[in-house]
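Peer 1: Here's a structure for you.
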Amino acid sequence: NPDHQLQFNITVYGKGNRLMTVRDVTRLNQLEVMRKDFVANVSHELRTPLTVVSGYLETMLDSLGPDSGLPPVWEKALNRMQEQSLRMQNLVADLLLLSKLESAEAQSDENGVHVKTMLNSIVEDGRALSGENQHQISLDCDEDVFLAGSSSELRSAFSNLVFNAVRYTPLGGKIHVRWWQDKEGGHLMVEDNGVGIDPMHIPRLTERFYRIDKSRSQNTGGTGLGLAIVKHVMLRHGGKLSIRSHPGKGSRFVCHFPEKCLELEHS
Ligand code: ADP
């Protein structure tokens, strides 16, 4: 039946014996398409009501003052509501981005980025997230090179790595961002001397909502989708993400881009 999708698997055992298994994955693939559509639709539908709620909360907070006559507990409640609605907005934005990344649709901003300019601005954002010199964040990028691809996707991937380094490194820690090129292509490294990751977790880190310490991660302000986004952005750009870490010593995330992604002049 041409409508059926089959998966073949050959296992070699003993002295050259082979076992072939055939699995009908038609239903599984249909369910995966339904899951993706559902997540994309729900995220899309949630976006407008969340923007409205957030807008009204902002107006109410702006109008608060000593003469407003509202008890202080109201102000606290409104601030908490605004924080949480912002958290939901970030989550919905990340879910929508992941849906787009999975849909393989071309992005409207696929005209490449100047690596140094983008990294400078992301490092500035990382410093702002860290607060007044709470972490030492250094950048090492001398190359004048353009990276072919979508600027919003690349910015999102690189920002997730730098922001994670800030979130999972205690105050006073060091974060090093470095871009270099060799005959294999371009590489972006984000290294920190933070809490580190037990090696048993590394293979699962890029799964959606996979978190080592759930309560700790939720307090950091991340959405639980950051590394899943990095992985998908790298796949779309023909590259890959590598992760090395030592618990208690720190982590190193490297995005490897193939040479075909590098351009000396803007196209
Ligand atoms: P989030 O940070 O929002 O939980 P991510 O997908 O970005 O989601 O990261 C997944 C998990 O990987 C985090 O919950 C954290 O446990 C771990 N992690 C990510 N980056 C680092 C890092 N630089 N150092 C230590 N752990 C990290």
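In the structure tokens, chains take the letters A, B, ... in the order shown, each chain's residues start at 1, and ligands count up from 1 in the order shown.
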Give me, as JSON lines, each residue of chain A that comes within 7 Å of ligand 1, together with its shortest interatomic pair and the distance in Å at one decimal, counting only C-alpha atoms and all ligand atoms, with rows ordered by chain and rising residue number.
Peer 2:
```
{"residue": "A:Asn160", "atom": "CA", "partner": "ligand 1", "partner_atom_place_in_ligand_line": "7 (O)", "distance": 6.3}
{"residue": "A:Leu161", "atom": "CA", "partner": "ligand 1", "partner_atom_place_in_ligand_line": "20 (N)", "distance": 6.7}
{"residue": "A:Asn164", "atom": "CA", "partner": "ligand 1", "partner_atom_place_in_ligand_line": "20 (N)", "distance": 4.6}
{"residue": "A:Ala165", "atom": "CA", "partner": "ligand 1", "partner_atom_place_in_ligand_line": "23 (N)", "distance": 3.9}
{"residue": "A:Tyr168", "atom": "CA", "partner": "ligand 1", "partner_atom_place_in_ligand_line": "24 (N)", "distance": 4.7}
{"residue": "A:Thr169", "atom": "CA", "partner": "ligand 1", "partner_atom_place_in_ligand_line": "24 (N)", "distance": 6.7}
{"residue": "A:Asp192", "atom": "CA", "partner": "ligand 1", "partner_atom_place_in_ligand_line": "23 (N)", "distance": 6.4}
{"residue": "A:Gly194", "atom": "CA", "partner": "ligand 1", "partner_atom_place_in_ligand_line": "24 (N)", "distance": 6.0}
{"residue": "A:Val195", "atom": "CA", "partner": "ligand 1", "partner_atom_place_in_ligand_line": "25 (C)", "distance": 5.4}
{"residue": "A:Gly196", "atom": "CA", "partner": "ligand 1", "partner_atom_place_in_ligand_line": "25 (C)", "distance": 4.5}
{"residue": "A:Ile197", "atom": "CA", "partner": "ligand 1", "partner_atom_place_in_ligand_line": "25 (C)", "distance": 5.3}
{"residue": "A:Leu205", "atom": "CA", "partner": "ligand 1", "partner_atom_place_in_ligand_line": "12 (O)", "distance": 5.4}
{"residue": "A:Thr206", "atom": "CA", "partner": "ligand 1", "partner_atom_place_in_ligand_line": "6 (O)", "distance": 6.1}
{"residue": "A:Arg208", "atom": "CA", "partner": "ligand 1", "partner_atom_place_in_ligand_line": "6 (O)", "distance": 6.7}
{"residue": "A:Phe209", "atom": "CA", "partner": "ligand 1", "partner_atom_place_in_ligand_line": "6 (O)", "distance": 6.4}
{"residue": "A:Tyr210", "atom": "CA", "partner": "ligand 1", "partner_atom_place_in_ligand_line": "10 (C)", "distance": 5.7}
{"residue": "A:Arg211", "atom": "CA", "partner": "ligand 1", "partner_atom_place_in_ligand_line": "14 (O)", "distance": 3.7}
{"residue": "A:Ile212", "atom": "CA", "partner": "ligand 1", "partner_atom_place_in_ligand_line": "16 (O)", "distance": 4.2}
{"residue": "A:Asp213", "atom": "CA", "partner": "ligand 1", "partner_atom_place_in_ligand_line": "16 (O)", "distance": 5.7}
{"residue": "A:Lys214", "atom": "CA", "partner": "ligand 1", "partner_atom_place_in_ligand_line": "14 (O)", "distance": 6.7}
{"residue": "A:Ser217", "atom": "CA", "partner": "ligand 1", "partner_atom_place_in_ligand_line": "4 (O)", "distance": 4.6}
{"residue": "A:Gln218", "atom": "CA", "partner": "ligand 1", "partner_atom_place_in_ligand_line": "4 (O)", "distance": 6.5}
{"residue": "A:Gly221", "atom": "CA", "partner": "ligand 1", "partner_atom_place_in_ligand_line": "3 (O)", "distance": 6.7}
{"residue": "A:Gly222", "atom": "CA", "partner": "ligand 1", "partner_atom_place_in_ligand_line": "3 (O)", "distance": 3.2}
{"residue": "A:Thr223", "atom": "CA", "partner": "ligand 1", "partner_atom_place_in_ligand_line": "3 (O)", "distance": 4.0}
{"residue": "A:Gly224", "atom": "CA", "partner": "ligand 1", "partner_atom_place_in_ligand_line": "8 (O)", "distance": 3.3}
{"residue": "A:Leu225", "atom": "CA", "partner": "ligand 1", "partner_atom_place_in_ligand_line": "6 (O)", "distance": 4.3}
{"residue": "A:Gly226", "atom": "CA", "partner": "ligand 1", "partner_atom_place_in_ligand_line": "7 (O)", "distance": 3.5}
{"residue": "A:Leu227", "atom": "CA", "partner": "ligand 1", "partner_atom_place_in_ligand_line": "6 (O)", "distance": 3.8}
{"residue": "A:Ala228", "atom": "CA", "partner": "ligand 1", "partner_atom_place_in_ligand_line": "6 (O)", "distance": 5.7}
{"residue": "A:Gly250", "atom": "CA", "partner": "ligand 1", "partner_atom_place_in_ligand_line": "24 (N)", "distance": 6.4}
{"residue": "A:Ser251", "atom": "CA", "partner": "ligand 1", "partner_atom_place_in_ligand_line": "24 (N)", "distance": 5.5}
```
Peer 1: Generate a file of the selected residues that holds N, CA, C and O atoms, formatted as a short mmCIF file (atom, residue, chain, number, x, y, z; two decimals), in the first residue's frame.
Peer 2:
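The resulting file, again_34.cif, is reproduced below:
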```cif
data_model
loop_
_atom_site.label_atom_id
_atom_site.label_comp_id
_atom_site.auth_asym_id
_atom_site.auth_seq_id
_atom_site.Cartn_x
_atom_site.Cartn_y
_atom_site.Cartn_z
N ASN A 160 20.17 32.01 23.66
CA ASN A 160 19.83 30.96 24.63
C ASN A 160 21.08 30.43 25.30
O ASN A 160 21.08 30.18 26.51
N LEU A 161 22.15 30.24 24.53
CA LEU A 161 23.38 29.69 25.12
C LEU A 161 24.00 30.67 26.10
O LEU A 161 24.42 30.30 27.20
N ASN A 164 21.72 31.04 29.22
CA ASN A 164 21.84 29.86 30.08
C ASN A 164 23.13 29.92 30.89
O ASN A 164 23.15 29.59 32.07
N ALA A 165 24.21 30.35 30.23
CA ALA A 165 25.50 30.43 30.93
C ALA A 165 25.37 31.38 32.12
O ALA A 165 25.87 31.10 33.21
N TYR A 168 23.05 29.67 34.88
CA TYR A 168 23.57 28.49 35.59
C TYR A 168 25.01 28.69 36.07
O TYR A 168 25.74 27.73 36.25
N THR A 169 25.41 29.97 36.22
CA THR A 169 26.73 30.27 36.78
C THR A 169 26.53 31.18 37.98
O THR A 169 25.90 32.23 37.86
N ASP A 192 31.28 28.35 30.41
CA ASP A 192 31.12 28.98 31.73
C ASP A 192 31.78 28.14 32.79
O ASP A 192 32.11 26.97 32.56
N GLY A 194 30.26 27.51 35.69
CA GLY A 194 29.10 27.43 36.58
C GLY A 194 28.85 26.05 37.16
O GLY A 194 29.79 25.27 37.35
N VAL A 195 27.56 25.75 37.37
CA VAL A 195 27.19 24.54 38.12
C VAL A 195 27.53 23.24 37.39
O VAL A 195 27.69 22.20 38.02
N GLY A 196 27.67 23.30 36.06
CA GLY A 196 27.99 22.10 35.29
C GLY A 196 26.82 21.13 35.21
O GLY A 196 25.76 21.35 35.80
N ILE A 197 27.03 20.04 34.43
CA ILE A 197 25.94 19.09 34.16
C ILE A 197 26.50 17.68 34.30
O ILE A 197 27.58 17.38 33.76
N LEU A 205 19.50 16.65 27.00
CA LEU A 205 19.33 18.09 27.28
C LEU A 205 18.57 18.86 26.21
O LEU A 205 17.94 19.88 26.50
N THR A 206 18.65 18.39 24.95
CA THR A 206 18.00 19.15 23.87
C THR A 206 16.54 18.71 23.66
O THR A 206 15.90 19.16 22.72
N ARG A 208 12.57 18.80 24.50
CA ARG A 208 11.70 19.85 25.04
C ARG A 208 11.44 19.62 26.52
O ARG A 208 11.09 18.51 26.92
N PHE A 209 11.55 20.65 27.32
CA PHE A 209 11.25 20.66 28.75
C PHE A 209 12.08 19.69 29.59
O PHE A 209 11.69 19.35 30.70
N TYR A 210 13.20 19.21 29.03
CA TYR A 210 14.07 18.35 29.85
C TYR A 210 14.88 19.27 30.76
O TYR A 210 15.64 20.10 30.31
N ARG A 211 14.69 19.11 32.07
CA ARG A 211 15.41 19.95 33.02
C ARG A 211 16.01 19.09 34.10
O ARG A 211 15.36 18.16 34.61
N ILE A 212 17.24 19.40 34.48
CA ILE A 212 17.91 18.57 35.48
C ILE A 212 17.30 18.83 36.84
O ILE A 212 16.92 17.92 37.55
N ASP A 213 17.17 20.09 37.18
CA ASP A 213 16.63 20.45 38.48
C ASP A 213 15.43 21.36 38.21
O ASP A 213 15.59 22.55 37.97
N LYS A 214 14.24 20.75 38.18
CA LYS A 214 13.05 21.47 37.73
C LYS A 214 12.79 22.77 38.50
O LYS A 214 12.59 23.82 37.90
N SER A 217 15.47 25.44 37.65
CA SER A 217 15.38 25.97 36.29
C SER A 217 14.19 26.90 36.13
O SER A 217 14.26 27.90 35.44
N GLN A 218 13.05 26.54 36.81
CA GLN A 218 11.86 27.38 36.64
C GLN A 218 12.09 28.77 37.22
O GLN A 218 11.57 29.75 36.72
N GLY A 221 13.92 31.71 34.96
CA GLY A 221 13.22 32.49 33.94
C GLY A 221 13.28 31.86 32.55
O GLY A 221 12.74 32.40 31.60
N GLY A 222 13.91 30.70 32.42
CA GLY A 222 13.95 30.03 31.11
C GLY A 222 12.62 29.35 30.83
O GLY A 222 11.78 29.20 31.73
N THR A 223 12.41 28.94 29.57
CA THR A 223 11.14 28.32 29.22
C THR A 223 11.22 26.80 29.17
O THR A 223 10.21 26.13 29.00
N GLY A 224 12.43 26.25 29.27
CA GLY A 224 12.61 24.81 29.17
C GLY A 224 12.74 24.37 27.71
O GLY A 224 12.80 23.17 27.41
N LEU A 225 12.76 25.34 26.79
CA LEU A 225 12.82 25.01 25.35
C LEU A 225 14.11 25.51 24.71
O LEU A 225 14.33 25.31 23.51
N GLY A 226 14.95 26.20 25.51
CA GLY A 226 16.13 26.86 24.94
C GLY A 226 17.04 25.95 24.14
O GLY A 226 17.36 26.24 22.98
N LEU A 227 17.43 24.82 24.74
CA LEU A 227 18.38 23.97 24.02
C LEU A 227 17.72 23.20 22.88
O LEU A 227 18.38 22.86 21.89
N ALA A 228 16.40 22.94 23.00
CA ALA A 228 15.68 22.31 21.88
C ALA A 228 15.71 23.27 20.69
O ALA A 228 15.92 22.86 19.53
N GLY A 250 31.83 23.50 35.33
CA GLY A 250 31.33 24.36 34.25
C GLY A 250 30.97 23.58 33.00
O GLY A 250 31.10 22.36 32.94
N SER A 251 30.51 24.32 31.99
CA SER A 251 30.00 23.70 30.76
C SER A 251 30.54 24.43 29.54
O SER A 251 30.85 25.62 29.60
#
```
Peer 1: Looking only at the backbone, which of the residues in segment 121-186 of chain A does DSSP tag as alpha helix (DSSP H), as number ranges by chain?
Peer 2: A: 121-130, 151-167
Peer 1: For the residues selected in the previous step, produce a file with N, CA and C atoms as a PDB file, in the first residue's frame.
Peer 2:
```
ATOM      1  N   SER A 121      26.151  42.327  20.393  1.00  0.00           N
ATOM      2  CA  SER A 121      24.869  42.751  20.968  1.00  0.00           C
ATOM      3  C   SER A 121      24.333  41.682  21.929  1.00  0.00           C
ATOM      4  N   ILE A 122      24.556  40.382  21.641  1.00  0.00           N
ATOM      5  CA  ILE A 122      24.062  39.327  22.549  1.00  0.00           C
ATOM      6  C   ILE A 122      24.845  39.357  23.873  1.00  0.00           C
ATOM      7  N   VAL A 123      26.151  39.612  23.776  1.00  0.00           N
ATOM      8  CA  VAL A 123      26.958  39.688  24.999  1.00  0.00           C
ATOM      9  C   VAL A 123      26.493  40.876  25.855  1.00  0.00           C
ATOM     10  N   GLU A 124      26.144  41.990  25.198  1.00  0.00           N
ATOM     11  CA  GLU A 124      25.602  43.144  25.942  1.00  0.00           C
ATOM     12  C   GLU A 124      24.314  42.747  26.670  1.00  0.00           C
ATOM     13  N   ASP A 125      23.428  42.005  25.958  1.00  0.00           N
ATOM     14  CA  ASP A 125      22.175  41.548  26.584  1.00  0.00           C
ATOM     15  C   ASP A 125      22.484  40.614  27.761  1.00  0.00           C
ATOM     16  N   GLY A 126      23.493  39.758  27.595  1.00  0.00           N
ATOM     17  CA  GLY A 126      23.895  38.837  28.670  1.00  0.00           C
ATOM     18  C   GLY A 126      24.362  39.619  29.886  1.00  0.00           C
ATOM     19  N   ARG A 127      25.108  40.704  29.652  1.00  0.00           N
ATOM     20  CA  ARG A 127      25.589  41.536  30.773  1.00  0.00           C
ATOM     21  C   ARG A 127      24.405  42.188  31.476  1.00  0.00           C
ATOM     22  N   ALA A 128      23.410  42.612  30.673  1.00  0.00           N
ATOM     23  CA  ALA A 128      22.225  43.237  31.279  1.00  0.00           C
ATOM     24  C   ALA A 128      21.474  42.210  32.130  1.00  0.00           C
ATOM     25  N   LEU A 129      21.370  40.973  31.638  1.00  0.00           N
ATOM     26  CA  LEU A 129      20.682  39.926  32.400  1.00  0.00           C
ATOM     27  C   LEU A 129      21.425  39.625  33.704  1.00  0.00           C
ATOM     28  N   SER A 130      22.742  39.678  33.623  1.00  0.00           N
ATOM     29  CA  SER A 130      23.571  39.367  34.791  1.00  0.00           C
ATOM     30  C   SER A 130      23.498  40.483  35.846  1.00  0.00           C
ATOM     31  N   SER A 151      18.515  35.468  10.544  1.00  0.00           N
ATOM     32  CA  SER A 151      19.100  36.217  11.655  1.00  0.00           C
ATOM     33  C   SER A 151      18.293  36.023  12.945  1.00  0.00           C
ATOM     34  N   SER A 152      16.956  35.922  12.853  1.00  0.00           N
ATOM     35  CA  SER A 152      16.181  35.770  14.098  1.00  0.00           C
ATOM     36  C   SER A 152      16.447  34.395  14.730  1.00  0.00           C
ATOM     37  N   GLU A 153      16.572  33.366  13.887  1.00  0.00           N
ATOM     38  CA  GLU A 153      16.825  32.032  14.438  1.00  0.00           C
ATOM     39  C   GLU A 153      18.215  31.962  15.062  1.00  0.00           C
ATOM     40  N   LEU A 154      19.205  32.510  14.358  1.00  0.00           N
ATOM     41  CA  LEU A 154      20.581  32.447  14.880  1.00  0.00           C
ATOM     42  C   LEU A 154      20.704  33.252  16.164  1.00  0.00           C
ATOM     43  N   ARG A 155      20.047  34.420  16.181  1.00  0.00           N
ATOM     44  CA  ARG A 155      20.102  35.245  17.399  1.00  0.00           C
ATOM     45  C   ARG A 155      19.460  34.493  18.567  1.00  0.00           C
ATOM     46  N   SER A 156      18.346  33.837  18.297  1.00  0.00           N
ATOM     47  CA  SER A 156      17.667  33.119  19.356  1.00  0.00           C
ATOM     48  C   SER A 156      18.549  31.984  19.893  1.00  0.00           C
ATOM     49  N   ALA A 157      19.208  31.249  18.982  1.00  0.00           N
ATOM     50  CA  ALA A 157      20.069  30.130  19.419  1.00  0.00           C
ATOM     51  C   ALA A 157      21.241  30.641  20.254  1.00  0.00           C
ATOM     52  N   PHE A 158      21.946  31.658  19.736  1.00  0.00           N
ATOM     53  CA  PHE A 158      23.133  32.152  20.452  1.00  0.00           C
ATOM     54  C   PHE A 158      22.732  32.780  21.797  1.00  0.00           C
ATOM     55  N   SER A 159      21.603  33.526  21.797  1.00  0.00           N
ATOM     56  CA  SER A 159      21.162  34.161  23.041  1.00  0.00           C
ATOM     57  C   SER A 159      20.843  33.098  24.088  1.00  0.00           C
ATOM     58  N   ASN A 160      20.168  32.015  23.659  1.00  0.00           N
ATOM     59  CA  ASN A 160      19.827  30.964  24.630  1.00  0.00           C
ATOM     60  C   ASN A 160      21.080  30.427  25.303  1.00  0.00           C
ATOM     61  N   LEU A 161      22.145  30.238  24.527  1.00  0.00           N
ATOM     62  CA  LEU A 161      23.377  29.686  25.119  1.00  0.00           C
ATOM     63  C   LEU A 161      24.000  30.675  26.101  1.00  0.00           C
ATOM     64  N   VAL A 162      24.051  31.959  25.703  1.00  0.00           N
ATOM     65  CA  VAL A 162      24.685  32.962  26.577  1.00  0.00           C
ATOM     66  C   VAL A 162      23.818  33.170  27.839  1.00  0.00           C
ATOM     67  N   PHE A 163      22.488  33.246  27.660  1.00  0.00           N
ATOM     68  CA  PHE A 163      21.616  33.472  28.823  1.00  0.00           C
ATOM     69  C   PHE A 163      21.666  32.265  29.779  1.00  0.00           C
ATOM     70  N   ASN A 164      21.723  31.041  29.218  1.00  0.00           N
ATOM     71  CA  ASN A 164      21.842  29.856  30.081  1.00  0.00           C
ATOM     72  C   ASN A 164      23.131  29.920  30.885  1.00  0.00           C
ATOM     73  N   ALA A 165      24.214  30.345  30.227  1.00  0.00           N
ATOM     74  CA  ALA A 165      25.502  30.428  30.934  1.00  0.00           C
ATOM     75  C   ALA A 165      25.372  31.383  32.124  1.00  0.00           C
ATOM     76  N   VAL A 166      24.651  32.502  31.914  1.00  0.00           N
ATOM     77  CA  VAL A 166      24.453  33.462  33.014  1.00  0.00           C
ATOM     78  C   VAL A 166      23.589  32.828  34.111  1.00  0.00           C
ATOM     79  N   ARG A 167      22.515  32.126  33.681  1.00  0.00           N
ATOM     80  CA  ARG A 167      21.572  31.585  34.663  1.00  0.00           C
ATOM     81  C   ARG A 167      22.161  30.451  35.490  1.00  0.00           C
TER      82      ARG A 167
END
```
Peer 1: Between atom CA of Asn193 of chain A and atom CA of Gly173 of chain A, measure the distance and give it in Å to one decimal.
Peer 2: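 Computing the Euclidean distance for atom CA of Asn193 of chain A and atom CA of Gly173 of chain A yields 6.2 Å.
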Peer 1: Write out as an mmCIF file with C-alpha atoms, in the first residue's frame which residues come within 7 Å of Gln5 of chain A when counting only C-alpha atoms, dropping same-chain ones fewer than 6 positions away.
Peer 2:
```
data_model
loop_
_atom_site.group_PDB
_atom_site.id
_atom_site.type_symbol
_atom_site.label_atom_id
_atom_site.label_comp_id
_atom_site.auth_asym_id
_atom_site.auth_seq_id
_atom_site.Cartn_x
_atom_site.Cartn_y
_atom_site.Cartn_z
ATOM 1 C CA ASP A 24 4.564 0.140 10.088
ATOM 2 C CA VAL A 25 5.078 3.732 11.335
ATOM 3 C CA THR A 26 2.172 5.306 9.405
#
```
Peer 1: Could you name the residues that touch segment 33-45 of chain A at 8 Å or less, counting only C-alpha atoms, but leaving out those on the same chain fewer than 3 positions away, as a CSV table (one decimal) with C-alpha atoms, in the first residue's frame?
Peer 2:
```
chain,number,residue,atom,x,y,z
A,29,ASN,CA,3.9,9.7,11.9
A,30,GLN,CA,0.3,10.8,11.6
A,48,THR,CA,-3.5,37.5,21.4
A,49,PRO,CA,-5.3,36.9,24.8
A,92,VAL,CA,4.3,30.8,23.7
A,93,ALA,CA,6.9,32.7,21.7
A,95,LEU,CA,6.7,27.2,21.2
A,96,LEU,CA,5.9,29.1,18.1
A,99,SER,CA,6.9,24.9,15.5
```
Peer 1: Identify, on the basis of only C-alpha atoms, every residue whose closest approach to Lys116 of chain A does not exceed 9 Å; exclude the query and any residue fewer than 2 positions from it along the same chain; express the result as number ranges by chain.
Peer 2: A: 113-114, 118-121, 141-146, 179
Peer 1: Please produce an output containing N, CA and C atoms for each residue in the selection, written as a compact mmCIF listing (two decimals), in the first residue's frame.
Peer 2:
```
# COMPACT_ATOMS: atom_id res chain seq x y z
N VAL A 113 23.83 37.03 8.70
CA VAL A 113 24.17 37.97 9.78
C VAL A 113 25.67 38.19 9.84
N HIS A 114 26.04 39.40 10.29
CA HIS A 114 27.43 39.70 10.54
C HIS A 114 27.72 39.17 11.95
N MET A 118 26.43 40.66 15.73
CA MET A 118 25.39 39.96 16.49
C MET A 118 25.93 39.51 17.85
N LEU A 119 27.16 38.97 17.89
CA LEU A 119 27.69 38.49 19.17
C LEU A 119 27.89 39.64 20.16
N ASN A 120 28.37 40.78 19.64
CA ASN A 120 28.55 41.95 20.52
C ASN A 120 27.23 42.30 21.19
N SER A 121 26.15 42.33 20.39
CA SER A 121 24.87 42.75 20.97
C SER A 121 24.33 41.68 21.93
N CYS A 141 36.14 37.54 19.18
CA CYS A 141 35.70 37.33 17.79
C CYS A 141 36.34 38.41 16.92
N ASP A 142 37.39 38.03 16.20
CA ASP A 142 38.07 39.03 15.37
C ASP A 142 37.65 38.95 13.91
N GLU A 143 36.93 37.88 13.57
CA GLU A 143 36.64 37.64 12.16
C GLU A 143 35.56 38.60 11.64
N ASP A 144 35.77 39.03 10.39
CA ASP A 144 34.76 39.86 9.73
C ASP A 144 34.01 38.95 8.77
N VAL A 145 33.09 38.17 9.31
CA VAL A 145 32.46 37.15 8.47
C VAL A 145 30.95 37.19 8.63
N PHE A 146 30.27 36.77 7.57
CA PHE A 146 28.80 36.67 7.61
C PHE A 146 28.41 35.20 7.66
N TRP A 179 34.29 32.97 18.87
CA TRP A 179 33.99 32.51 17.50
C TRP A 179 35.32 32.27 16.81
```
Peer 1: Would you kindly return, as a list in words, each protein, DNA or RNA residue with an atom no farther than 8 Å from any atom of Ile10 of chain A, considering only C-alpha atoms and excluding same-chain residues fewer than 4 positions away?
Peer 2: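 What passes the distance filter is Arg18, Leu19, Met20 and Thr21 of chain A.
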Peer 1: What would the file look like if the residues just selected were written as a PDB file, in the first residue's frame with N, CA, C and O atoms?
Peer 2:
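To be explicit, this is the file written out as part18.pdb:
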```
ATOM      1  N   ARG A  18      21.571 -12.334  10.131  1.00  0.00           N
ATOM      2  CA  ARG A  18      20.906 -11.027  10.078  1.00  0.00           C
ATOM      3  C   ARG A  18      19.430 -11.170  10.417  1.00  0.00           C
ATOM      4  O   ARG A  18      18.783 -12.117   9.963  1.00  0.00           O
ATOM      5  N   LEU A  19      18.958 -10.190  11.179  1.00  0.00           N
ATOM      6  CA  LEU A  19      17.537 -10.192  11.517  1.00  0.00           C
ATOM      7  C   LEU A  19      16.943  -8.897  10.991  1.00  0.00           C
ATOM      8  O   LEU A  19      17.420  -7.809  11.326  1.00  0.00           O
ATOM      9  N   MET A  20      15.953  -9.021  10.110  1.00  0.00           N
ATOM     10  CA  MET A  20      15.336  -7.807   9.576  1.00  0.00           C
ATOM     11  C   MET A  20      13.949  -7.630  10.198  1.00  0.00           C
ATOM     12  O   MET A  20      13.144  -8.552  10.173  1.00  0.00           O
ATOM     13  N   THR A  21      13.717  -6.428  10.774  1.00  0.00           N
ATOM     14  CA  THR A  21      12.375  -6.143  11.301  1.00  0.00           C
ATOM     15  C   THR A  21      11.767  -5.021  10.473  1.00  0.00           C
ATOM     16  O   THR A  21      12.458  -4.096  10.053  1.00  0.00           O
TER      17      THR A  21
END
```
Peer 1: Take atom CA of Leu70 of chain A and atom CA of Arg87 of chain A and report the distance between them in Å, one decimal.
Peer 2: 25.4 Å
Peer 1: Considering only C-alpha atoms, state which residue in the set A:Tyr13, A:Glu32, A:Gln89, A:Pro71 is at the smallest distance from Gly55 of chain A.
Peer 2: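 Closest residue, counting only C-alpha atoms: A:Gln89.
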Peer 1: When you count only C-alpha atoms, which of these residues is closest to Asp182 of chain A: A:Val73, A:Leu101, A:Leu262, A:Leu28?
Peer 2: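 Of A:Val73, A:Leu101, A:Leu262, A:Leu28, the one nearest Asp182 of chain A, counting only C-alpha atoms, is A:Leu262.
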Peer 1: Between A:Leu171, A:Leu78, A:Leu91, A:Val254, single out the one closest to Leu46 of chain A, counting only C-alpha atoms.
Peer 2: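 Checking each of A:Leu171, A:Leu78, A:Leu91, A:Val254 against Leu46 of chain A, counting only C-alpha atoms, the winner is A:Leu91.
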Peer 1: Please report the interatomic distance between atom CA of Gln136 of chain A and atom CA of Ile175 of chain A in Å with one decimal.
Peer 2: 6.1 Å
Peer 1: How would you write, as a compact mmCIF listing (two decimals) with N, CA, C and O atoms, in the first residue's frame, the set of residues in segment 13-172 of chain A that DSSP gives as strand (DSSP E or B)?
Peer 2:
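The result, stored in selection11.txt:
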```txt
# COMPACT_ATOMS: atom_id res chain seq x y z
N TYR A 13 23.78 -10.47 14.05
CA TYR A 13 24.13 -11.16 15.30
C TYR A 13 24.82 -12.48 14.99
O TYR A 13 24.71 -13.02 13.89
N ASN A 17 24.72 -13.71 10.99
CA ASN A 17 23.25 -13.84 10.88
C ASN A 17 22.63 -12.45 10.88
O ASN A 17 23.14 -11.56 11.55
N ARG A 18 21.57 -12.33 10.13
CA ARG A 18 20.91 -11.03 10.08
C ARG A 18 19.43 -11.17 10.42
O ARG A 18 18.78 -12.12 9.96
N LEU A 19 18.96 -10.19 11.18
CA LEU A 19 17.54 -10.19 11.52
C LEU A 19 16.94 -8.90 10.99
O LEU A 19 17.42 -7.81 11.33
N MET A 20 15.95 -9.02 10.11
CA MET A 20 15.34 -7.81 9.58
C MET A 20 13.95 -7.63 10.20
O MET A 20 13.14 -8.55 10.17
N THR A 21 13.72 -6.43 10.77
CA THR A 21 12.38 -6.14 11.30
C THR A 21 11.77 -5.02 10.47
O THR A 21 12.46 -4.10 10.05
N VAL A 22 10.49 -5.15 10.21
CA VAL A 22 9.77 -4.12 9.45
C VAL A 22 8.66 -3.59 10.33
O VAL A 22 7.89 -4.37 10.90
N ARG A 23 8.61 -2.27 10.47
CA ARG A 23 7.63 -1.67 11.37
C ARG A 23 6.76 -0.70 10.59
O ARG A 23 7.29 0.12 9.82
N ASP A 24 5.47 -0.79 10.75
CA ASP A 24 4.56 0.14 10.09
C ASP A 24 4.47 1.40 10.97
O ASP A 24 3.89 1.35 12.05
N VAL A 113 23.83 37.03 8.70
CA VAL A 113 24.17 37.97 9.78
C VAL A 113 25.67 38.19 9.84
O VAL A 113 26.46 37.30 9.51
N HIS A 114 26.04 39.40 10.29
CA HIS A 114 27.43 39.70 10.54
C HIS A 114 27.72 39.17 11.95
O HIS A 114 27.17 39.66 12.94
N GLN A 136 31.67 37.90 34.84
CA GLN A 136 32.62 38.46 33.86
C GLN A 136 32.34 37.79 32.52
O GLN A 136 32.60 36.60 32.37
N ILE A 137 31.83 38.56 31.58
CA ILE A 137 31.52 37.96 30.26
C ILE A 137 32.49 38.52 29.23
O ILE A 137 32.53 39.73 29.01
N SER A 138 33.28 37.64 28.62
CA SER A 138 34.25 38.12 27.62
C SER A 138 33.88 37.58 26.24
O SER A 138 33.29 36.50 26.11
N LEU A 139 34.25 38.37 25.23
CA LEU A 139 33.97 37.97 23.84
C LEU A 139 35.25 38.00 23.04
O LEU A 139 36.02 38.96 23.09
N ASP A 140 35.47 36.94 22.27
CA ASP A 140 36.67 36.83 21.46
C ASP A 140 36.21 36.50 20.02
O ASP A 140 35.84 35.36 19.73
N PHE A 146 30.27 36.77 7.57
CA PHE A 146 28.80 36.67 7.61
C PHE A 146 28.41 35.20 7.66
O PHE A 146 29.07 34.36 7.06
N LEU A 147 27.34 34.94 8.40
CA LEU A 147 26.84 33.57 8.50
C LEU A 147 25.54 33.52 7.71
O LEU A 147 24.62 34.31 7.97
```
Peer 1: Looking at A:Met200, A:Val12, A:Val53, A:Val233, which one is nearest to Met88 of chain A, with distances taken over only C-alpha atoms?
Peer 2: A:Val53
Peer 1: Give me the residues within 9 Å of Gly185 of chain A as a PyMOL selection string, counting only C-alpha atoms and dropping any in the same chain fewer than 6 places off.
Peer 2: chain A and resi 256-262
Peer 1: For C-alpha atoms, I'd like the residues from the last selection saved as a CSV table (one decimal), in the first residue's frame.
Peer 2:
```
chain,number,residue,atom,x,y,z
A,256,HIS,CA,29.6,24.0,14.6
A,257,PHE,CA,28.6,25.5,11.2
A,258,PRO,CA,29.8,23.9,7.9
A,259,GLU,CA,32.0,26.0,5.6
A,260,LYS,CA,29.2,26.6,3.1
A,261,CYS,CA,27.4,28.8,5.8
A,262,LEU,CA,30.3,31.3,5.9
```
